[in-house]
>>> print(open('upload.cif').read())   # mmCIF, C-alpha atoms
data_target
#
loop_
_atom_site.label_atom_id
_atom_site.label_comp_id
_atom_site.auth_asym_id
_atom_site.auth_seq_id
_atom_site.Cartn_x
_atom_site.Cartn_y
_atom_site.Cartn_z
CA MET A 213 122.06 -12.42 151.68
CA ALA A 214 120.07 -12.69 154.94
CA ALA A 215 118.33 -15.99 155.60
CA LYS A 216 114.56 -15.95 155.61
CA ASN A 217 112.85 -16.37 158.96
CA PRO A 218 110.92 -19.68 158.74
CA HIS A 219 108.35 -18.35 161.20
CA ASN A 220 107.33 -15.33 159.12
CA GLY A 221 104.44 -17.14 157.43
CA HIS A 222 103.01 -18.29 160.73
CA ARG A 223 103.39 -14.86 162.29
CA LYS A 224 101.68 -13.22 159.35
CA ARG A 225 98.70 -15.59 159.66
CA VAL A 226 98.45 -15.02 163.42
CA LYS A 227 98.61 -11.24 163.02
CA GLU A 228 95.95 -11.35 160.31
CA GLU A 229 93.75 -13.45 162.58
CA PHE A 230 94.12 -10.86 165.34
CA LEU A 231 93.38 -7.93 163.03
CA LYS A 232 90.26 -9.67 161.73
CA ASN A 233 88.83 -11.12 164.94
CA GLY A 234 90.63 -9.46 167.86
CA LEU A 235 91.86 -11.27 170.96
CA ASP A 236 88.57 -12.15 172.66
CA ASN A 237 88.30 -15.70 171.35
CA LEU A 238 91.99 -16.57 171.39
CA PRO A 239 93.44 -18.85 174.09
CA ALA A 240 95.82 -17.24 176.56
CA HIS A 241 98.93 -18.86 175.10
CA ARG A 242 98.12 -17.47 171.64
CA VAL A 243 97.73 -13.96 173.08
CA LEU A 244 101.12 -14.33 174.76
CA GLU A 245 102.61 -15.72 171.56
CA ILE A 246 101.53 -12.62 169.63
CA LEU A 247 102.90 -10.32 172.30
CA LEU A 248 106.22 -12.16 172.35
CA PHE A 249 106.64 -11.56 168.60
CA TYR A 250 107.74 -8.03 169.50
CA ALA A 251 110.40 -9.07 171.99
CA ILE A 252 111.72 -12.15 170.18
CA PRO A 253 111.79 -11.42 166.44
CA GLN A 254 113.65 -14.47 165.13
CA LYS A 255 112.31 -17.45 167.08
CA ASP A 256 109.11 -19.42 167.50
CA THR A 257 107.39 -17.97 170.57
CA ASN A 258 104.63 -20.57 170.94
CA GLU A 259 106.60 -22.84 173.26
CA LEU A 260 107.65 -19.95 175.50
CA ALA A 261 104.04 -18.75 175.65
CA HIS A 262 102.94 -22.17 176.90
CA ARG A 263 105.85 -22.22 179.37
CA LEU A 264 104.84 -18.86 180.81
CA GLU A 265 101.19 -19.86 181.13
CA ASP A 266 102.13 -23.14 182.80
CA ARG A 267 104.48 -21.38 185.22
CA PHE A 268 102.14 -18.60 186.35
CA GLY A 269 98.72 -20.16 185.73
CA SER A 270 96.95 -17.50 183.67
CA LEU A 271 97.47 -14.62 181.28
CA ALA A 272 96.80 -12.06 184.01
CA ARG A 273 99.31 -13.66 186.35
CA VAL A 274 101.95 -13.65 183.64
CA LEU A 275 101.40 -9.94 183.06
CA ASP A 276 101.42 -9.24 186.81
CA ALA A 277 104.53 -11.31 187.53
CA PRO A 278 107.57 -9.41 188.91
CA TYR A 279 110.39 -8.67 186.49
CA GLU A 280 112.88 -10.78 188.46
CA GLU A 281 110.55 -13.78 188.51
CA LEU A 282 109.91 -13.55 184.78
CA LEU A 283 113.66 -13.76 184.17
CA THR A 284 113.77 -17.16 185.87
CA VAL A 285 111.67 -18.68 183.07
CA ASN A 286 113.78 -20.39 180.43
CA GLY A 287 113.75 -18.28 177.27
CA VAL A 288 112.81 -14.97 178.94
CA GLY A 289 115.44 -12.27 178.59
CA ASP A 290 115.48 -8.62 179.55
CA ASN A 291 113.48 -7.40 176.53
CA THR A 292 110.77 -10.01 177.06
CA ALA A 293 110.48 -9.34 180.79
CA VAL A 294 110.27 -5.58 180.26
CA LEU A 295 107.61 -5.98 177.57
CA LEU A 296 105.48 -8.24 179.76
CA ARG A 297 105.79 -5.86 182.72
CA LEU A 298 104.87 -2.95 180.47
CA ILE A 299 101.43 -4.28 179.55
CA SER A 300 99.58 -3.83 182.87
CA SER A 301 101.14 -0.40 183.38
CA MET A 302 100.17 0.57 179.85
CA ALA A 303 96.63 -0.68 180.45
CA ARG A 304 96.44 1.39 183.63
CA ARG A 305 97.56 4.54 181.78
CA TYR A 306 95.02 3.81 179.03
CA TYR A 307 92.11 3.44 181.46
CA LEU A 308 93.22 6.48 183.48
CA ASP A 309 93.18 8.55 180.32
CA LYS A 310 89.75 7.20 179.34
CA ALA A 311 88.35 7.78 182.83
CA SER A 312 89.72 11.32 182.96
CA ALA A 313 87.98 12.17 179.69
CA ALA A 314 84.64 10.57 180.57
CA PRO A 315 81.75 13.10 180.65
CA LEU A 316 80.38 12.32 184.14
CA LYS A 317 78.22 14.91 185.91
CA ASP A 318 78.84 13.61 189.43
CA PRO A 319 82.44 14.45 190.52
CA MET A 320 82.48 11.64 193.09
CA GLN A 321 81.37 9.13 190.46
CA ALA A 322 84.11 10.46 188.20
CA ILE A 323 86.67 9.90 190.96
CA GLY A 324 85.35 6.38 191.57
CA GLU A 325 85.70 5.52 187.87
CA TRP A 326 89.15 7.07 187.80
CA LEU A 327 90.18 4.98 190.82
CA LYS A 328 89.14 1.76 189.08
CA ALA A 329 91.52 2.66 186.30
CA TRP A 330 94.29 3.66 188.70
CA TYR A 331 94.28 0.22 190.33
CA VAL A 332 94.46 -1.80 187.10
CA GLY A 333 97.29 -4.33 187.40
CA ARG A 334 97.97 -3.65 191.09
CA THR A 335 98.70 -6.93 192.87
CA GLU A 336 99.39 -5.49 196.32
CA GLU A 337 97.17 -3.40 198.58
CA VAL A 338 97.89 0.27 197.97
CA LEU A 339 96.48 3.22 199.91
CA ILE A 340 96.21 6.57 198.13
CA LEU A 341 95.26 10.06 199.24
CA ILE A 342 93.48 12.52 196.96
CA SER A 343 93.84 16.11 198.18
CA LEU A 344 91.14 18.54 197.02
CA ASP A 345 90.28 22.21 197.40
CA ASN A 346 86.92 23.80 198.32
CA ASN A 347 85.65 23.33 194.74
CA LEU A 348 86.51 19.60 194.80
CA SER A 349 89.26 20.17 192.25
CA ILE A 350 92.05 17.65 192.69
CA LEU A 351 95.24 19.25 193.97
CA HIS A 352 97.37 16.12 194.17
CA VAL A 353 97.25 12.33 194.32
CA ASP A 354 99.70 10.53 196.59
CA GLU A 355 100.48 6.88 197.05
CA ILE A 356 101.06 6.69 200.78
CA LYS A 357 101.85 3.10 201.58
CA THR A 358 101.78 -0.36 200.09
CA GLY A 359 100.50 -2.88 202.60
CA VAL A 360 97.63 -3.07 205.06
CA ALA A 361 95.24 -0.15 205.36
CA ASP A 362 94.68 -0.11 209.13
CA GLU A 363 98.04 1.12 210.49
CA VAL A 364 96.36 4.38 211.39
CA GLN A 365 98.92 6.06 213.62
CA ILE A 366 101.77 5.60 211.14
CA GLN A 367 99.69 6.55 208.14
CA PHE A 368 97.95 9.63 209.51
CA ARG A 369 101.20 11.56 209.93
CA ASP A 370 101.96 11.00 206.25
CA LEU A 371 98.38 11.68 205.18
CA ALA A 372 98.13 14.95 207.10
CA ARG A 373 101.56 16.14 205.98
CA LYS A 374 100.72 15.51 202.32
CA ALA A 375 97.25 17.08 202.42
CA LEU A 376 98.31 20.14 204.42
CA GLY A 377 101.31 20.60 202.13
CA PHE A 378 98.90 21.25 199.26
CA ASN A 379 96.59 23.44 201.40
CA ALA A 380 93.82 20.88 200.96
CA THR A 381 90.48 21.47 202.65
CA ASN A 382 89.01 18.13 201.53
CA ALA A 383 90.44 14.66 201.12
CA ILE A 384 89.46 11.27 199.73
CA LEU A 385 91.08 7.97 200.64
CA ALA A 386 91.10 4.82 198.55
CA HIS A 387 92.64 1.41 198.75
CA ASN A 388 92.23 -1.83 196.84
CA HIS A 389 91.42 -5.42 197.72
CA PRO A 390 93.62 -7.40 195.27
CA GLY A 391 91.92 -10.64 194.33
CA GLY A 392 89.04 -9.86 196.70
CA MET A 393 85.72 -8.08 196.69
CA ALA A 394 84.94 -4.37 196.80
CA HIS A 395 83.41 -4.73 200.24
CA PRO A 396 84.63 -2.80 203.30
CA SER A 397 85.93 -4.92 206.15
CA ARG A 398 85.40 -4.08 209.80
CA ALA A 399 88.99 -2.78 209.87
CA ASP A 400 88.19 -0.54 206.88
CA ARG A 401 85.19 0.93 208.71
CA ASP A 402 87.12 1.44 211.96
CA THR A 403 90.00 3.05 210.09
CA THR A 404 87.66 5.39 208.24
CA ARG A 405 86.02 6.57 211.45
CA THR A 406 89.37 7.20 213.11
CA LEU A 407 90.85 9.02 210.13
CA HIS A 408 87.71 11.11 209.66
CA ARG A 409 88.08 12.37 213.23
CA ARG A 410 91.82 12.96 212.90
CA PHE A 411 91.39 14.90 209.65
CA GLN A 412 88.75 17.12 211.25
CA GLU A 413 91.24 17.96 213.99
CA VAL A 414 93.57 19.51 211.38
CA GLY A 415 90.81 21.27 209.44
CA ILE A 416 90.34 18.80 206.58
CA ASN A 417 87.04 17.14 205.64
CA LEU A 418 87.35 13.47 204.67
CA LEU A 419 84.75 13.22 201.90
CA ASP A 420 84.89 9.49 201.24
CA HIS A 421 86.90 6.30 201.39
CA PHE A 422 86.69 4.13 198.28
CA ILE A 423 87.35 0.38 198.20
CA VAL A 424 88.36 -0.93 194.76
CA ALA A 425 88.46 -4.52 193.55
CA GLY A 426 88.81 -5.35 189.86
CA ASP A 427 86.23 -3.40 187.87
CA GLU A 428 84.14 -2.52 190.92
CA TYR A 429 84.36 0.12 193.62
CA VAL A 430 82.39 0.89 196.76
CA SER A 431 81.97 4.28 198.38
CA MET A 432 82.14 3.98 202.17
CA ARG A 433 79.90 7.04 202.44
CA GLU A 434 77.25 5.55 200.16
CA CYS A 435 77.25 2.17 201.90
CA GLY A 436 76.78 3.70 205.37
CA GLY A 437 80.40 3.79 206.51
CA PHE A 438 80.10 7.46 207.52
CA ILE A 439 76.92 7.10 209.58
CA GLY A 440 77.49 8.29 213.12
CA ILE A 441 80.73 10.15 212.44
CA GLU A 442 79.32 13.40 211.02
#
>>> encode(input="upload.cif", output="structure tokens")
Amino acid sequence: MAAKNPHNGHRKRVKEEFLKNGLDNLPAHRVLEILLFYAIPQKDTNELAHRLEDRFGSLARVLDAPYEELLTVNGVGDNTAVLLRLISSMARRYYLDKASAAPLKDPMQAIGEWLKAWYVGRTEEVLILISLDNNLSILHVDEIKTGVADEVQIQFRDLARKALGFNATNAILAHNHPGGMAHPSRADRDTTRTLHRRFQEVGINLLDHFIVAGDEYVSMRECGGFIGIE
């Protein structure tokens, strides 16, 4: 006869608390403890939850931590590391799906909201290219490079090749400021001007360049970043 799990009563109470009140008022270690239930079925997960929070400093940093670094924490095995890495990616897919279904009349606003969702959980700067046709229908979305956004000469070859490969007549650029503000830097403005000119040379109109940080985004066109280049 299988031995009873001594933690079942505690887990049941914690789950009931979540189902009744949600996660909003729970401390970070309790949220992690609940999540760890599903990777570690037979052990108390409270101590490991505290250990993870102490190691990385916050719930978000635990969920953003690289797989290899998670494995260095005592008590974290493959299943636990995979589950923790899954959460931010799952959240991104959730918000992308929500953003895609949102009934927004302005297509550029819809793209801005979609981009906020696309960058959920991204801890490095990522530049993406959205290729569009004459009707502003999205043909393809490409992640071009992870890193700084002002290496124009290297990036333009990739950007042009991708956009022309889909017969795009319009394009939108976006990149994020991880841990920063959705405010274009001087380098962002200079890069936008240069890329706008280079795209025109190959017959593509650069419609906008979005800067995303957390739950905010800024349109370079709306904030004056395109003044003097059209």
>>> closest_residue(input="upload.cif", among="A:Met432, A:Val226, A:Ile340, A:Ile423", to="A:Ala394", atoms="only C-alpha atoms")
A:Ile423
>>> residues_around(input="upload.cif", residues="A:His389", least_positions_apart="2", cutoff="9 Å", atoms="all atoms listed in the file", output="PyMOL selection string")
chain A and resi 335-338+387+391-395+423-426
>>> residues_around(input="upload.cif", residues="A:Phe230", least_positions_apart="4", cutoff="12 Å", atoms="all atoms listed in the file", output="ChimeraX atom specification")
/A:223-226,234-239,242-243,245-247
>>> closest_residue(input="upload.cif", among="A:Leu385, A:Leu231, A:Ile350, A:Ile416", to="A:Thr404", atoms="all atoms listed in the file")
A:Leu385
>>> atom_distance(input="upload.cif", atom1="atom CA of A:Gly269", atom2="atom CA of A:His241")
10.7 Å
>>> closest_residue(input="upload.cif", among="A:Tyr429, A:Ile384, A:Arg334, A:Gly437", to="A:Arg401", atoms="all atoms listed in the file")
A:Gly437
>>> closest_residue(input="upload.cif", among="A:Ala372, A:Leu339, A:Arg263, A:Leu275", to="A:Ala303", atoms="all atoms listed in the file")
A:Leu275
>>> closest_residue(input="upload.cif", among="A:Gly287, A:Gly436, A:Pro319, A:Pro278", to="A:Leu260", atoms="only C-alpha atoms")
A:Gly287
>>> residues_around(input="upload.cif", residues="A:Ala383", least_positions_apart="4", cutoff="7 Å", atoms="all atoms listed in the file", output="list in words")
Leu341, Ile342, Ser343, Leu344, Ile416, Asn417, Leu418 and Leu419 of chain A
>>> closest_residue(input="upload.cif", among="A:Ser349, A:Pro390, A:Asn220, A:Leu407", to="A:Asp370", atoms="all atoms listed in the file")
A:Leu407
>>> atom_distance(input="upload.cif", atom1="atom CA of A:Phe378", atom2="atom CA of A:Leu351")
6.7 Å
>>> resolve_selection(input="upload.cif", expression="the PyMOL selection byres ((chain A and resi 293-296) around 6)", output="ChimeraX atom specification")
/A:275,279,282,290-292,297-299
>>> residues_around(input="upload.cif", residues="A:Arg305", least_positions_apart="6", cutoff="12 Å", atoms="only C-alpha atoms", output="ChimeraX atom specification")
/A:298-299,311-312,326-333
>>> atom_distance(input="upload.cif", atom1="atom CA of A:Gln321", atom2="atom CA of A:Lys374")
23.6 Å
>>> build_atoms(input="upload.cif", residues="stretch 275-291 of chain A", atoms="N, CA and C atoms", output="PDB file, keeping the file's coordinate frame")
ATOM      1  N   LEU A 275     101.220 -11.379 183.241  1.00  0.00           N
ATOM      2  CA  LEU A 275     101.400  -9.940 183.060  1.00  0.00           C
ATOM      3  C   LEU A 275     101.600  -9.204 184.382  1.00  0.00           C
ATOM      4  N   ASP A 276     101.210  -9.831 185.487  1.00  0.00           N
ATOM      5  CA  ASP A 276     101.420  -9.240 186.810  1.00  0.00           C
ATOM      6  C   ASP A 276     102.689  -9.728 187.485  1.00  0.00           C
ATOM      7  N   ALA A 277     103.356 -10.710 186.893  1.00  0.00           N
ATOM      8  CA  ALA A 277     104.530 -11.310 187.530  1.00  0.00           C
ATOM      9  C   ALA A 277     105.674 -10.293 187.650  1.00  0.00           C
ATOM     10  N   PRO A 278     106.425 -10.323 188.756  1.00  0.00           N
ATOM     11  CA  PRO A 278     107.570  -9.410 188.910  1.00  0.00           C
ATOM     12  C   PRO A 278     108.633  -9.661 187.842  1.00  0.00           C
ATOM     13  N   TYR A 279     109.328  -8.605 187.499  1.00  0.00           N
ATOM     14  CA  TYR A 279     110.390  -8.670 186.490  1.00  0.00           C
ATOM     15  C   TYR A 279     111.403  -9.768 186.820  1.00  0.00           C
ATOM     16  N   GLU A 280     111.857  -9.811 188.066  1.00  0.00           N
ATOM     17  CA  GLU A 280     112.880 -10.780 188.460  1.00  0.00           C
ATOM     18  C   GLU A 280     112.382 -12.210 188.323  1.00  0.00           C
ATOM     19  N   GLU A 281     111.099 -12.424 188.611  1.00  0.00           N
ATOM     20  CA  GLU A 281     110.550 -13.780 188.510  1.00  0.00           C
ATOM     21  C   GLU A 281     110.372 -14.194 187.057  1.00  0.00           C
ATOM     22  N   LEU A 282     110.021 -13.254 186.208  1.00  0.00           N
ATOM     23  CA  LEU A 282     109.910 -13.550 184.780  1.00  0.00           C
ATOM     24  C   LEU A 282     111.247 -14.017 184.212  1.00  0.00           C
ATOM     25  N   LEU A 283     112.318 -13.409 184.682  1.00  0.00           N
ATOM     26  CA  LEU A 283     113.660 -13.760 184.170  1.00  0.00           C
ATOM     27  C   LEU A 283     114.078 -15.174 184.521  1.00  0.00           C
ATOM     28  N   THR A 284     113.406 -15.786 185.496  1.00  0.00           N
ATOM     29  CA  THR A 284     113.770 -17.160 185.870  1.00  0.00           C
ATOM     30  C   THR A 284     113.169 -18.184 184.919  1.00  0.00           C
ATOM     31  N   VAL A 285     112.277 -17.768 184.036  1.00  0.00           N
ATOM     32  CA  VAL A 285     111.670 -18.680 183.070  1.00  0.00           C
ATOM     33  C   VAL A 285     112.607 -18.862 181.891  1.00  0.00           C
ATOM     34  N   ASN A 286     112.882 -20.090 181.548  1.00  0.00           N
ATOM     35  CA  ASN A 286     113.780 -20.390 180.430  1.00  0.00           C
ATOM     36  C   ASN A 286     113.268 -19.756 179.142  1.00  0.00           C
ATOM     37  N   GLY A 287     114.116 -18.941 178.517  1.00  0.00           N
ATOM     38  CA  GLY A 287     113.750 -18.280 177.270  1.00  0.00           C
ATOM     39  C   GLY A 287     113.354 -16.835 177.443  1.00  0.00           C
ATOM     40  N   VAL A 288     113.184 -16.378 178.684  1.00  0.00           N
ATOM     41  CA  VAL A 288     112.810 -14.970 178.940  1.00  0.00           C
ATOM     42  C   VAL A 288     114.055 -14.166 179.234  1.00  0.00           C
ATOM     43  N   GLY A 289     114.332 -13.196 178.374  1.00  0.00           N
ATOM     44  CA  GLY A 289     115.440 -12.270 178.590  1.00  0.00           C
ATOM     45  C   GLY A 289     114.925 -10.919 179.030  1.00  0.00           C
ATOM     46  N   ASP A 290     115.825  -9.952 179.066  1.00  0.00           N
ATOM     47  CA  ASP A 290     115.480  -8.620 179.550  1.00  0.00           C
ATOM     48  C   ASP A 290     114.368  -7.988 178.709  1.00  0.00           C
ATOM     49  N   ASN A 291     114.482  -8.031 177.384  1.00  0.00           N
ATOM     50  CA  ASN A 291     113.480  -7.400 176.530  1.00  0.00           C
ATOM     51  C   ASN A 291     112.095  -8.002 176.740  1.00  0.00           C
TER      52      ASN A 291
END
